[in-house]
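Trainee: Contents are mmCIF, C-alpha atoms; file name final_36.cif:
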data_model
#
loop_
_atom_site.group_PDB
_atom_site.id
_atom_site.type_symbol
_atom_site.label_atom_id
_atom_site.label_comp_id
_atom_site.auth_asym_id
_atom_site.auth_seq_id
_atom_site.Cartn_x
_atom_site.Cartn_y
_atom_site.Cartn_z
ATOM 1 C CA GLY L 1 39.703 49.434 -51.575
ATOM 2 C CA THR L 2 38.814 49.676 -47.887
ATOM 3 C CA VAL L 3 42.147 48.271 -46.733
ATOM 4 C CA ARG L 4 44.008 50.561 -49.113
ATOM 5 C CA MET L 5 42.021 53.563 -47.919
ATOM 6 C CA CYS L 6 42.789 52.745 -44.286
ATOM 7 C CA ILE L 7 46.527 52.878 -44.984
ATOM 8 C CA MET L 8 46.890 55.261 -47.931
ATOM 9 C CA GLY L 9 43.695 57.288 -48.058
ATOM 10 C CA ASN L 10 42.596 58.149 -51.600
ATOM 11 C CA ASP L 11 46.087 58.582 -53.037
ATOM 12 C CA ASN L 12 46.556 57.406 -56.618
ATOM 13 C CA GLN L 13 50.049 55.980 -56.286
ATOM 14 C CA LYS L 14 51.946 52.786 -55.556
ATOM 15 C CA PRO L 15 52.271 51.899 -51.880
ATOM 16 C CA THR L 16 55.683 52.086 -50.291
ATOM 17 C CA GLU L 17 57.087 48.854 -48.864
ATOM 18 C CA GLU L 18 56.002 50.043 -45.437
ATOM 19 C CA GLU L 19 52.459 50.817 -46.606
ATOM 20 C CA LEU L 20 52.144 47.444 -48.329
ATOM 21 C CA GLU L 21 53.267 45.702 -45.146
ATOM 22 C CA GLU L 22 50.691 47.665 -43.148
ATOM 23 C CA MET L 23 47.965 46.571 -45.566
ATOM 24 C CA LYS L 24 49.058 42.953 -45.264
ATOM 25 C CA LYS L 25 49.080 43.200 -41.469
ATOM 26 C CA LEU L 26 45.517 44.515 -41.519
ATOM 27 C CA ILE L 27 44.384 41.702 -43.819
ATOM 28 C CA ALA L 28 46.178 39.076 -41.705
ATOM 29 C CA LYS L 29 44.546 40.428 -38.542
ATOM 30 C CA SER L 30 41.126 40.238 -40.190
ATOM 31 C CA MET L 31 41.716 36.680 -41.401
ATOM 32 C CA GLU L 32 42.821 35.601 -37.939
ATOM 33 C CA GLU L 33 39.679 37.181 -36.496
ATOM 34 C CA GLY L 34 37.453 35.123 -38.798
ATOM 35 C CA ALA L 35 37.317 36.804 -42.207
ATOM 36 C CA LYS L 36 36.864 34.310 -45.044
ATOM 37 C CA GLY L 37 38.820 36.276 -47.608
ATOM 38 C CA LEU L 38 39.256 39.597 -49.368
ATOM 39 C CA SER L 39 37.056 41.606 -51.714
ATOM 40 C CA LEU L 40 38.642 43.638 -54.514
ATOM 41 C CA GLY L 41 36.675 46.493 -56.078
ATOM 42 C CA LEU L 42 39.000 47.307 -58.956
ATOM 43 C CA ILE L 43 36.495 49.454 -60.833
ATOM 44 C CA TYR L 44 36.012 51.816 -57.876
ATOM 45 C CA PRO L 45 38.561 54.307 -56.489
ATOM 46 C CA PRO L 46 40.739 53.865 -54.518
ATOM 47 C CA GLY L 47 40.796 50.134 -55.323
ATOM 48 C CA SER L 48 41.208 51.013 -58.993
ATOM 49 C CA TYR L 49 44.551 52.643 -58.166
ATOM 50 C CA ALA L 50 46.082 49.297 -57.128
ATOM 51 C CA GLU L 51 48.436 47.828 -59.743
ATOM 52 C CA ILE L 52 48.872 44.121 -60.370
ATOM 53 C CA GLU L 53 52.011 43.746 -58.226
ATOM 54 C CA GLU L 54 50.080 45.002 -55.216
ATOM 55 C CA LEU L 55 47.197 42.647 -55.951
ATOM 56 C CA ILE L 56 49.500 39.642 -56.207
ATOM 57 C CA GLU L 57 51.106 40.419 -52.857
ATOM 58 C CA VAL L 58 47.846 40.745 -50.917
ATOM 59 C CA CYS L 59 46.372 37.699 -52.665
ATOM 60 C CA LYS L 60 49.405 35.611 -51.696
ATOM 61 C CA LEU L 61 48.624 36.465 -48.089
ATOM 62 C CA VAL L 62 44.965 35.479 -48.451
ATOM 63 C CA ALA L 63 46.095 32.185 -50.013
ATOM 64 C CA GLU L 64 48.268 31.476 -46.966
ATOM 65 C CA TYR L 65 45.070 31.511 -44.888
ATOM 66 C CA ASP L 66 43.238 29.384 -47.493
ATOM 67 C CA GLY L 67 40.895 32.311 -48.044
ATOM 68 C CA ILE L 68 39.001 33.322 -51.150
ATOM 69 C CA VAL L 69 39.236 36.551 -53.125
ATOM 70 C CA MET L 70 36.089 38.060 -54.635
ATOM 71 C CA VAL L 71 36.820 40.549 -57.405
ATOM 72 C CA HIS L 72 34.868 43.180 -59.261
ATOM 73 C CA MET L 73 37.221 43.345 -62.213
ATOM 74 C CA ARG L 74 38.952 46.514 -63.354
ATOM 75 C CA ASN L 75 37.015 46.854 -66.592
ATOM 76 C CA GLU L 76 33.935 45.125 -68.016
ATOM 77 C CA GLN L 77 33.804 47.195 -71.197
ATOM 78 C CA ASP L 78 36.481 47.671 -73.870
ATOM 79 C CA LYS L 79 39.166 46.070 -71.697
ATOM 80 C CA LEU L 80 37.162 43.116 -70.420
ATOM 81 C CA LEU L 81 39.594 40.533 -71.790
ATOM 82 C CA GLU L 82 42.614 42.436 -70.465
ATOM 83 C CA SER L 83 40.932 42.480 -67.052
ATOM 84 C CA ILE L 84 40.406 38.721 -67.243
ATOM 85 C CA ASP L 85 44.094 38.307 -68.152
ATOM 86 C CA GLU L 86 45.066 40.412 -65.144
ATOM 87 C CA MET L 87 43.147 38.165 -62.767
ATOM 88 C CA VAL L 88 44.502 35.028 -64.465
ATOM 89 C CA GLN L 89 48.017 36.292 -63.754
ATOM 90 C CA VAL L 90 47.092 37.103 -60.150
ATOM 91 C CA VAL L 91 45.781 33.564 -59.633
ATOM 92 C CA ARG L 92 48.809 31.948 -61.274
ATOM 93 C CA GLU L 93 51.296 33.890 -59.165
ATOM 94 C CA SER L 94 49.453 33.954 -55.844
ATOM 95 C CA LYS L 95 47.702 30.535 -56.004
ATOM 96 C CA VAL L 96 44.646 32.149 -54.394
ATOM 97 C CA ARG L 97 41.100 30.879 -54.863
ATOM 98 C CA LEU L 98 39.248 33.461 -56.949
ATOM 99 C CA HIS L 99 35.604 34.284 -57.606
ATOM 100 C CA ILE L 100 34.794 36.896 -60.270
ATOM 101 C CA SER L 101 31.706 38.924 -59.425
ATOM 102 C CA HIS L 102 28.892 39.225 -61.998
ATOM 103 C CA LEU L 103 30.732 38.335 -65.195
ATOM 104 C CA LYS L 104 29.471 40.331 -68.182
ATOM 105 C CA ALA L 105 30.403 42.526 -71.147
ATOM 106 C CA LEU L 106 29.066 46.078 -71.031
ATOM 107 C CA GLY L 107 28.168 48.055 -74.132
ATOM 108 C CA PRO L 108 27.097 46.905 -77.617
ATOM 109 C CA LYS L 109 30.635 46.986 -79.069
ATOM 110 C CA ASN L 110 31.733 44.446 -76.445
ATOM 111 C CA TRP L 111 28.857 41.999 -76.703
ATOM 112 C CA GLY L 112 30.123 38.533 -77.514
ATOM 113 C CA LYS L 113 33.429 38.945 -75.681
ATOM 114 C CA VAL L 114 32.098 36.767 -72.864
ATOM 115 C CA THR L 115 32.856 33.721 -75.036
ATOM 116 C CA GLN L 116 36.584 34.523 -74.989
ATOM 117 C CA ALA L 117 36.397 35.436 -71.310
ATOM 118 C CA LEU L 118 34.880 32.043 -70.507
ATOM 119 C CA GLU L 119 37.593 30.277 -72.508
ATOM 120 C CA LYS L 120 40.307 31.987 -70.460
ATOM 121 C CA ILE L 121 38.592 31.116 -67.175
ATOM 122 C CA THR L 122 37.937 27.504 -68.196
ATOM 123 C CA THR L 123 41.553 27.025 -69.311
ATOM 124 C CA LEU L 124 42.829 28.233 -65.946
ATOM 125 C CA ARG L 125 40.433 25.907 -64.142
ATOM 126 C CA GLU L 126 41.582 22.952 -66.247
ATOM 127 C CA GLU L 127 45.167 23.719 -65.199
ATOM 128 C CA GLY L 128 44.157 23.062 -61.593
ATOM 129 C CA PHE L 129 43.590 26.582 -60.289
ATOM 130 C CA GLU L 130 40.420 27.351 -58.339
ATOM 131 C CA ILE L 131 38.397 30.001 -60.167
ATOM 132 C CA CYS L 132 34.682 30.516 -60.695
ATOM 133 C CA PHE L 133 32.303 33.405 -61.255
ATOM 134 C CA GLY L 134 28.859 34.769 -60.487
ATOM 135 C CA GLN L 135 26.229 36.190 -62.794
ATOM 136 C CA TYR L 136 22.964 38.012 -62.347
ATOM 137 C CA PRO L 137 20.385 36.644 -64.789
ATOM 138 C CA TYR L 138 19.240 39.895 -66.350
ATOM 139 C CA ALA L 139 20.554 42.435 -68.856
ATOM 140 C CA ALA L 140 21.108 45.453 -66.613
ATOM 141 C CA SER L 141 23.537 46.391 -63.861
ATOM 142 C CA CYS L 142 23.095 48.659 -60.861
ATOM 143 C CA THR L 143 25.718 50.856 -59.222
ATOM 144 C CA GLY L 144 26.504 54.487 -58.476
ATOM 145 C CA LEU L 145 26.214 57.133 -61.171
ATOM 146 C CA LYS L 146 29.795 58.085 -60.417
ATOM 147 C CA VAL L 147 31.004 54.917 -62.173
ATOM 148 C CA VAL L 148 30.825 56.832 -65.474
ATOM 149 C CA VAL L 149 33.375 59.320 -64.107
ATOM 150 C CA PRO L 150 37.019 58.399 -64.878
ATOM 151 C CA GLY L 151 38.675 56.981 -61.758
ATOM 152 C CA TRP L 152 41.512 59.519 -61.685
ATOM 153 C CA ALA L 153 38.965 62.279 -61.074
ATOM 154 C CA TYR L 154 38.345 60.851 -57.596
ATOM 155 C CA GLU L 155 41.967 61.053 -56.477
ATOM 156 C CA GLY L 156 41.665 62.782 -53.130
ATOM 157 C CA GLY L 157 38.181 61.340 -52.636
ATOM 158 C CA GLU L 158 34.922 63.239 -52.981
ATOM 159 C CA GLN L 159 36.629 66.473 -51.968
ATOM 160 C CA GLY L 160 39.173 66.074 -54.768
ATOM 161 C CA PHE L 161 36.405 65.376 -57.278
ATOM 162 C CA GLN L 162 34.355 68.413 -56.282
ATOM 163 C CA LYS L 163 37.469 70.574 -56.506
ATOM 164 C CA ARG L 164 38.049 69.419 -60.087
ATOM 165 C CA LEU L 165 34.488 70.355 -61.015
ATOM 166 C CA ASN L 166 35.240 73.932 -59.975
ATOM 167 C CA ASP L 167 38.367 74.141 -62.143
ATOM 168 C CA LYS L 168 37.488 74.922 -65.783
ATOM 169 C CA GLU L 169 40.375 72.991 -67.345
ATOM 170 C CA GLU L 170 39.955 69.976 -65.074
ATOM 171 C CA TYR L 171 36.190 70.038 -65.598
ATOM 172 C CA GLU L 172 36.628 69.673 -69.356
ATOM 173 C CA LYS L 173 38.952 66.686 -68.880
ATOM 174 C CA VAL L 174 36.480 65.000 -66.550
ATOM 175 C CA LEU L 175 33.613 65.781 -68.935
ATOM 176 C CA ALA L 176 35.448 64.145 -71.845
ATOM 177 C CA GLY L 177 35.862 60.965 -69.797
ATOM 178 C CA VAL L 178 32.207 60.979 -68.738
ATOM 179 C CA ASN L 179 30.993 61.390 -72.327
ATOM 180 C CA LYS L 180 33.224 58.515 -73.422
ATOM 181 C CA ASN L 181 31.861 56.238 -70.696
ATOM 182 C CA ILE L 182 28.236 57.130 -71.407
ATOM 183 C CA LYS L 183 28.764 56.187 -75.053
ATOM 184 C CA ALA L 184 30.550 52.958 -74.077
ATOM 185 C CA ARG L 185 27.544 51.900 -71.987
ATOM 186 C CA GLY L 186 25.175 52.306 -74.914
ATOM 187 C CA GLY L 187 24.154 55.949 -74.640
ATOM 188 C CA ALA L 188 22.236 58.246 -72.307
ATOM 189 C CA ASP L 189 18.918 56.468 -72.889
ATOM 190 C CA LYS L 190 20.417 53.271 -71.417
ATOM 191 C CA ILE L 191 21.231 54.885 -68.052
ATOM 192 C CA LEU L 192 18.298 55.207 -65.646
ATOM 193 C CA ILE L 193 18.498 57.176 -62.410
ATOM 194 C CA ALA L 194 17.157 55.005 -59.580
ATOM 195 C CA THR L 195 17.618 57.094 -56.433
ATOM 196 C CA VAL L 196 18.857 60.542 -55.430
ATOM 197 C CA ALA L 197 19.519 62.100 -52.037
ATOM 198 C CA THR L 198 17.936 65.558 -52.280
ATOM 199 C CA LYS L 199 14.224 66.315 -52.306
ATOM 200 C CA GLU L 200 14.473 68.772 -55.195
ATOM 201 C CA ASN L 201 15.831 66.094 -57.527
ATOM 202 C CA THR L 202 13.395 63.285 -56.741
ATOM 203 C CA TRP L 203 11.731 63.963 -60.104
ATOM 204 C CA MET L 204 14.762 62.333 -61.740
ATOM 205 C CA ALA L 205 14.132 58.914 -60.186
ATOM 206 C CA GLY L 206 12.828 56.456 -62.766
ATOM 207 C CA LYS L 207 13.886 58.577 -65.736
ATOM 208 C CA ASN L 208 16.778 57.926 -68.072
ATOM 209 C CA LEU L 209 19.672 60.295 -68.576
ATOM 210 C CA LYS L 210 18.487 61.315 -72.052
ATOM 211 C CA VAL L 211 15.107 62.500 -70.756
ATOM 212 C CA ILE L 212 16.685 64.276 -67.782
ATOM 213 C CA SER L 213 19.239 65.983 -70.021
ATOM 214 C CA GLU L 214 16.538 67.244 -72.366
ATOM 215 C CA LYS L 215 14.592 68.687 -69.441
ATOM 216 C CA MET L 216 17.734 70.360 -68.053
ATOM 217 C CA ASN L 217 18.761 71.523 -71.548
ATOM 218 C CA LEU L 218 22.229 70.031 -71.098
ATOM 219 C CA GLU L 219 24.308 67.424 -72.891
ATOM 220 C CA PRO L 220 24.297 64.087 -70.978
ATOM 221 C CA GLY L 221 27.874 64.399 -69.693
ATOM 222 C CA LYS L 222 27.194 67.807 -68.178
ATOM 223 C CA THR L 223 23.958 66.485 -66.707
ATOM 224 C CA VAL L 224 25.907 63.761 -64.901
ATOM 225 C CA LEU L 225 28.409 66.237 -63.487
ATOM 226 C CA ASN L 226 25.622 68.623 -62.500
ATOM 227 C CA ILE L 227 23.835 65.835 -60.626
ATOM 228 C CA LEU L 228 26.997 64.621 -58.890
ATOM 229 C CA LYS L 229 27.963 68.150 -57.896
ATOM 230 C CA VAL L 230 24.645 68.604 -56.106
ATOM 231 C CA GLU L 231 23.972 65.056 -54.918
ATOM 232 C CA GLY L 232 27.456 63.790 -54.150
ATOM 233 C CA PRO L 233 28.262 60.079 -54.518
ATOM 234 C CA SER L 234 24.905 58.711 -53.334
ATOM 235 C CA VAL L 235 23.113 58.681 -56.717
ATOM 236 C CA VAL L 236 22.257 55.142 -57.853
ATOM 237 C CA ALA L 237 21.711 54.272 -61.511
ATOM 238 C CA VAL L 238 20.665 51.239 -63.548
ATOM 239 C CA TYR L 239 22.611 50.552 -66.749
ATOM 240 C CA PHE L 240 20.867 48.648 -69.552
ATOM 241 C CA SER L 241 24.111 47.690 -71.265
ATOM 242 C CA ILE L 242 24.158 43.882 -71.398
ATOM 243 C CA SER L 243 23.187 41.521 -74.220
ATOM 244 C CA ASP L 244 20.501 38.892 -73.585
ATOM 245 C CA GLN L 245 22.561 36.459 -75.669
ATOM 246 C CA ASP L 246 25.589 37.057 -73.425
ATOM 247 C CA VAL L 247 23.438 36.357 -70.374
ATOM 248 C CA THR L 248 22.462 33.006 -71.895
ATOM 249 C CA THR L 249 26.042 32.165 -72.912
ATOM 250 C CA VAL L 250 27.424 32.812 -69.435
ATOM 251 C CA MET L 251 24.548 30.999 -67.730
ATOM 252 C CA LYS L 252 25.288 27.761 -69.589
ATOM 253 C CA ASN L 253 28.829 27.514 -68.186
ATOM 254 C CA SER L 254 29.281 25.009 -65.347
ATOM 255 C CA LEU L 255 31.479 27.409 -63.325
ATOM 256 C CA GLN L 256 28.633 29.925 -63.046
ATOM 257 C CA THR L 257 26.611 30.691 -59.926
ATOM 258 C CA ILE L 258 23.560 32.964 -59.749
ATOM 259 C CA CYS L 259 23.911 36.182 -57.791
ATOM 260 C CA THR L 260 22.136 39.514 -57.610
ATOM 261 C CA ASP L 261 23.318 43.074 -57.997
ATOM 262 C CA GLY L 262 21.762 46.155 -56.513
ATOM 263 C CA ILE L 263 22.256 49.035 -54.128
ATOM 264 C CA MET L 264 19.823 50.174 -51.482
ATOM 265 C CA GLY L 265 19.036 53.860 -51.831
ATOM 266 C CA SER L 266 18.882 56.234 -48.896
#
Would you mind writing the file's structure down as structure tokens?

Mentor:
Amino acid sequence: GTVRMCIMGNDNQKPTEEELEEMKKLIAKSMEEGAKGLSLGLIYPPGSYAEIEELIEVCKLVAEYDGIVMVHMRNEQDKLLESIDEMVQVVRESKVRLHISHLKALGPKNWGKVTQALEKITTLREEGFEICFGQYPYAASCTGLKVVVPGWAYEGGEQGFQKRLNDKEEYEKVLAGVNKNIKARGGADKILIATVATKENTWMAGKNLKVISEKMNLEPGKTVLNILKVEGPSVVAVYFSISDQDVTTVMKNSLQTICTDGIMGS
């Protein structure tokens, strides 16, 4: 996402040939200066705007330098298996060494999908491609609250997002996406606010979204948008959306390595 932002800003569109070449030049320069590889944050804008053709091209370049690509996959919820398939295709076509960050399935309706995900990864490894993955050994994840906002709402960056919140029609579209994502992660009581930026909202820290919403007399989706409108992108949340059984299943696989996952608050 950082490389893309340097060349294209927060635009949600395919790069031109010239823009793609500029991205590759920046990556090549970094590799020659000592970088070990490339990190892909495909769940976060603007990295989420990159389509598979773009990913294959930049990964081919990393492979030329014998680098490694670390990826936060595009979706760890309803489209977990499709996201695995996307990275399998990237590896096949680019021949890059790939490490998937914190493999998991988010939300009760997706629990158990890690078994199929592991089968796809293991098959690729048996074919001779270099792929592995990390896992944190607990049933919660930690990232920004804005992850429950649909990625398209951040086209144009934070300024574009705030502008949409002030447009009634756009607000309703964003709200629908937020409500869908809250439900997919197990509900408002499974999302805990960890840190906020403003003094007046410190009371929210350590409380889940259901409790906060009841105190604010708002539905959870509107609570999220209210918080993000005031706090900006700095709000950190913990999501209790992972199955203990899935944690055990993933941990038993020989391609797994232990990692951690967290964000330092301000």

Trainee: What do you get, as a PyMOL selection string, if you spell out every residue that the PyMOL selection byres ((chain L and resi 112) around 12) selects here?

Mentor: chain L and resi 77-78+80-81+104-111+113-118+242-250

Trainee: Find the distance between atom CA of L:Glu130 and atom CA of L:Arg97 and write it in Å to one decimal.

Mentor: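 Value for the atom CA of L:Glu130-atom CA of L:Arg97 distance: 5.0 Å.
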
Trainee: Assuming the chain letters and numbering stay as they are in my file, what does the PyMOL selection byres ((chain L and resi 59) around 10) actually select? List them as a PyMOL selection string.

Mentor: chain L and resi 24+27+37-38+40+53-58+60-64+67-69+90-91+93-98

Trainee: Once the PyMOL selection byres ((chain L and resi 155) around 9) has been applied to the shown file, what residues remain in the selection, as a count of residues only?

Mentor: 16

Trainee: Name the closest residue to L:Lys199 among the candidates L:Val174, L:Glu119, L:Ile182, L:Glu231; distances are taken between atoms, counting only C-alpha atoms.

Mentor: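 Residue with the minimum atom-to-atom distance to L:Lys199: L:Glu231.
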
Trainee: Using only C-alpha atoms, which of the listed residues (L:Val148, L:Ile43, L:Met204, L:Ile258) sits closest to L:Lys183?

Mentor: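 Smallest separation from L:Lys183 among the options: L:Val148.
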
Trainee: Looking at L:Leu20, L:Cys259, L:Ala188, L:Leu124, which one is nearest to L:Leu218, with distances taken over all atoms listed in the file?

Mentor: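 With all atoms listed in the file as the atom set, the closest residue is L:Ala188.
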
Trainee: For a quick check of understanding, using all atoms listed in the file, which of L:Glu22, L:Cys132, L:Lys168, L:His102 has the smallest distance to L:Ser254?

Mentor: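 Smallest separation from L:Ser254 among the options: L:Cys132.
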
Trainee: Ranking L:Thr202, L:Gly186, L:Glu172, L:Val236 by minimum distance to L:Lys222 and counting only C-alpha atoms, which one comes first?

Mentor: L:Glu172

Trainee: Looking at all atoms listed in the file, which of L:Lys120, L:Trp203, L:Val88, L:Lys163 is the one that sits closest to L:Met216?

Mentor: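 Checking each of L:Lys120, L:Trp203, L:Val88, L:Lys163 against L:Met216, counting all atoms listed in the file, the winner is L:Trp203.
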
Trainee: Find the distance between atom CA of L:Val211 and atom CA of L:Thr260 and write it in Å to one decimal.

Mentor: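 Those two atoms sit 27.4 Å apart.
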
Trainee: Mind pulling up the distance from atom CA of L:Tyr171 to atom CA of L:Lys210?

Mentor: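 Value for the atom CA of L:Lys210-atom CA of L:Tyr171 distance: 20.8 Å.
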
Trainee: Using all atoms listed in the file, determine which residues lie at most 7 Å from L:Ser83, disregarding the query and same-chain residues fewer than 4 positions distant; provide the list as a list in words.

Mentor: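 My reading of the contact set: Met73, Arg74, Asn75, Lys79 and Met87 of chain L.
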
Trainee: Hey, what's within 12 Å of L:Leu26 if we count all atoms listed in the file and toss same-chain stuff fewer than 3 positions away? As a list in words, please?

Mentor: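 In the requested format, the answer is Thr2, Val3, Arg4, Met5, Cys6, Ile7, Glu19, Leu20, Glu21, Glu22, Met23, Lys29, Ser30, Met31, Glu32, Glu33, Ala35, Leu38, Val58, Leu61 and Val62 of chain L.
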